[in-house]
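J.: Below is a structure I'd like to ask you about.
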Amino acid sequence: MSLLEVQGLTASYGSSQALFGVDLTVAEGEVTALMGRNGMGKSTTVKAICRLIRASGGLRMRGQDLHPLASHNVARLGVGLVPEGRRCFADLTVHENLIAAARPGDWTFQRVAELFPRLEERASQRAMSLSGGEQQMLAIGRALMTNPRLLILDEATEGLAPIVRQEIWAAIRRLKQETGVAILLIDKSLKELSSVCDRAVILERGTTVWSGGMTQLSAQTTERYLGV
């Protein structure tokens, strides 16, 4: 059953159109990769889903039209966003960041600490004092504390040290194996995406140009749409 359905999505920044027809679906419990070169509309698609920018076209979560909703109501409907660039509350402690938007459910501070033990060790530290990797863990933990049905990760490993990237990927694999949360995942590492994703959607100039099972993604397709 489809959890998220996007059909013919278009969006603009002022007079500049960024999306010209994005189609994608994410099923319950499925991990879907949203792929494409830089500037092809991936982050804009995420912003449209979360109602951070105005958009047109089909946009439904669990059958409900998202267009009339404000962004905070989309979050309450079950969409947890980890935005590009982390964006933690710098002056709040780790614990305060995690409980700031917490909603009732299975994900509690202790469960997040089990996924990312470093966060428990630094619970009383301000977010501004954390390393980039720790801030990314905090951003993921904060989204999980909203107890989402759909977790959106926008470049969650971008700019991090290799060892920290591996910790993030290990956490994503645990989420897939141990929870029923669906994940929409943007990242540049085809190797890592292939190891965790069920399906992939590729954007080119704001339009969906390919979608299918991850195992169906050919070398020719990746070279055409993802190669430098």
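Just so we're on the same page: first chain in the structure tokens is A, next is B, and so on; residues restart at 1 for each chain, and ligands are numbered from 1 in the order they show up.
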Excluding stretch 53-59 of chain A and any residue of its chain fewer than 4 positions from it, enumerate the residues within 9 Å of it, using only C-alpha atoms, and give them as a VMD selection string.
T.: chain A and resid 4 to 13 19 21 to 23 44 47 to 49 63 to 67
J.: As a ChimeraX atom specification, please: the residues near A:Ile99 (cut-off 10 Å, only C-alpha atoms, same-chain neighbours under 5 positions excluded).
T.: /A:94,108-109,141-142,145-146
J.: Export C-alpha atoms of the chosen residues as an mmCIF file, in the first residue's frame?
T.:
data_model
loop_
_atom_site.group_PDB
_atom_site.id
_atom_site.type_symbol
_atom_site.label_atom_id
_atom_site.label_comp_id
_atom_site.auth_asym_id
_atom_site.auth_seq_id
_atom_site.Cartn_x
_atom_site.Cartn_y
_atom_site.Cartn_z
ATOM 1 C CA VAL A 94 21.120 17.503 22.948
ATOM 2 C CA THR A 108 11.804 7.951 23.068
ATOM 3 C CA PHE A 109 15.054 9.540 24.211
ATOM 4 C CA GLY A 141 17.169 11.482 16.347
ATOM 5 C CA ARG A 142 15.021 14.615 16.574
ATOM 6 C CA MET A 145 11.266 11.541 18.186
ATOM 7 C CA THR A 146 8.264 12.811 16.203
#
J.: Going by DSSP on the backbone, which residues of stretch 13-198 of chain A come out as strand (DSSP E)? List them as a VMD selection string.
T.: chain A and resid 13 16 to 27 31 to 35 55 to 61 64 to 65 79 to 82 150 to 154 182 to 186
J.: Between A:Ala90, A:Glu114, A:Glu155, A:Leu52, which residue has the minimum interatomic distance to A:Leu69, considering only C-alpha atoms?
T.: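 Smallest separation from A:Leu69 among the options: A:Leu52.
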J.: For stretch 213-226 of chain A, list every protein, DNA or RNA residue within 12 Å, evaluated using only C-alpha atoms, and leave out those in the same chain fewer than 2 positions away; present the list as a PyMOL selection string.
T.: chain A and resi 25-26+30-40+187-205+207-211+228
J.: Selection from above, C-alpha atoms, as a PDB file, in the first residue's frame, can you write it?
T.:
ATOM      1  CA  THR A  25       5.549   6.617  -4.510  1.00  0.00           C
ATOM      2  CA  VAL A  26       6.798   5.294  -1.195  1.00  0.00           C
ATOM      3  CA  GLU A  30       9.833   0.759   2.063  1.00  0.00           C
ATOM      4  CA  VAL A  31      13.143   2.558   1.572  1.00  0.00           C
ATOM      5  CA  THR A  32      13.154   4.636  -1.622  1.00  0.00           C
ATOM      6  CA  ALA A  33      16.134   6.492  -3.075  1.00  0.00           C
ATOM      7  CA  LEU A  34      15.499   9.874  -4.688  1.00  0.00           C
ATOM      8  CA  MET A  35      18.426  10.315  -7.061  1.00  0.00           C
ATOM      9  CA  GLY A  36      19.809  12.725  -9.631  1.00  0.00           C
ATOM     10  CA  ARG A  37      22.699  15.090 -10.218  1.00  0.00           C
ATOM     11  CA  ASN A  38      22.976  18.324  -8.251  1.00  0.00           C
ATOM     12  CA  GLY A  39      20.320  20.885  -9.108  1.00  0.00           C
ATOM     13  CA  MET A  40      17.843  18.418 -10.612  1.00  0.00           C
ATOM     14  CA  ASP A 187      22.361  10.626  -1.093  1.00  0.00           C
ATOM     15  CA  LYS A 188      25.182  10.507  -3.635  1.00  0.00           C
ATOM     16  CA  SER A 189      26.626   7.109  -2.658  1.00  0.00           C
ATOM     17  CA  LEU A 190      25.186   4.632  -5.136  1.00  0.00           C
ATOM     18  CA  LYS A 191      26.968   1.762  -3.375  1.00  0.00           C
ATOM     19  CA  GLU A 192      25.331   2.532  -0.033  1.00  0.00           C
ATOM     20  CA  LEU A 193      21.950   3.298  -1.574  1.00  0.00           C
ATOM     21  CA  SER A 194      22.030  -0.052  -3.380  1.00  0.00           C
ATOM     22  CA  SER A 195      22.647  -1.848  -0.085  1.00  0.00           C
ATOM     23  CA  VAL A 196      19.617  -0.419   1.710  1.00  0.00           C
ATOM     24  CA  CYS A 197      17.004   0.830  -0.790  1.00  0.00           C
ATOM     25  CA  ASP A 198      14.130  -1.184  -2.255  1.00  0.00           C
ATOM     26  CA  ARG A 199      13.283   1.258  -5.031  1.00  0.00           C
ATOM     27  CA  ALA A 200      14.767   4.282  -6.771  1.00  0.00           C
ATOM     28  CA  VAL A 201      13.412   7.367  -8.516  1.00  0.00           C
ATOM     29  CA  ILE A 202      15.729   9.473 -10.704  1.00  0.00           C
ATOM     30  CA  LEU A 203      15.113  13.135 -11.482  1.00  0.00           C
ATOM     31  CA  GLU A 204      16.504  15.032 -14.450  1.00  0.00           C
ATOM     32  CA  ARG A 205      15.769  18.767 -14.733  1.00  0.00           C
ATOM     33  CA  THR A 207      11.160  15.573 -14.025  1.00  0.00           C
ATOM     34  CA  THR A 208      11.040  11.883 -13.137  1.00  0.00           C
ATOM     35  CA  VAL A 209      12.972  10.074 -15.862  1.00  0.00           C
ATOM     36  CA  TRP A 210      13.317   6.625 -14.291  1.00  0.00           C
ATOM     37  CA  SER A 211      11.753   4.621 -11.456  1.00  0.00           C
ATOM     38  CA  VAL A 228      29.598  13.286 -13.931  1.00  0.00           C
TER      39      VAL A 228
END
J.: Within 10 Å of A:Leu130, counting only C-alpha atoms, which residues qualify if same-chain residues fewer than 5 places away don't, as number ranges by chain?
T.: A: 90, 93-94, 119, 122, 125, 135-136, 138
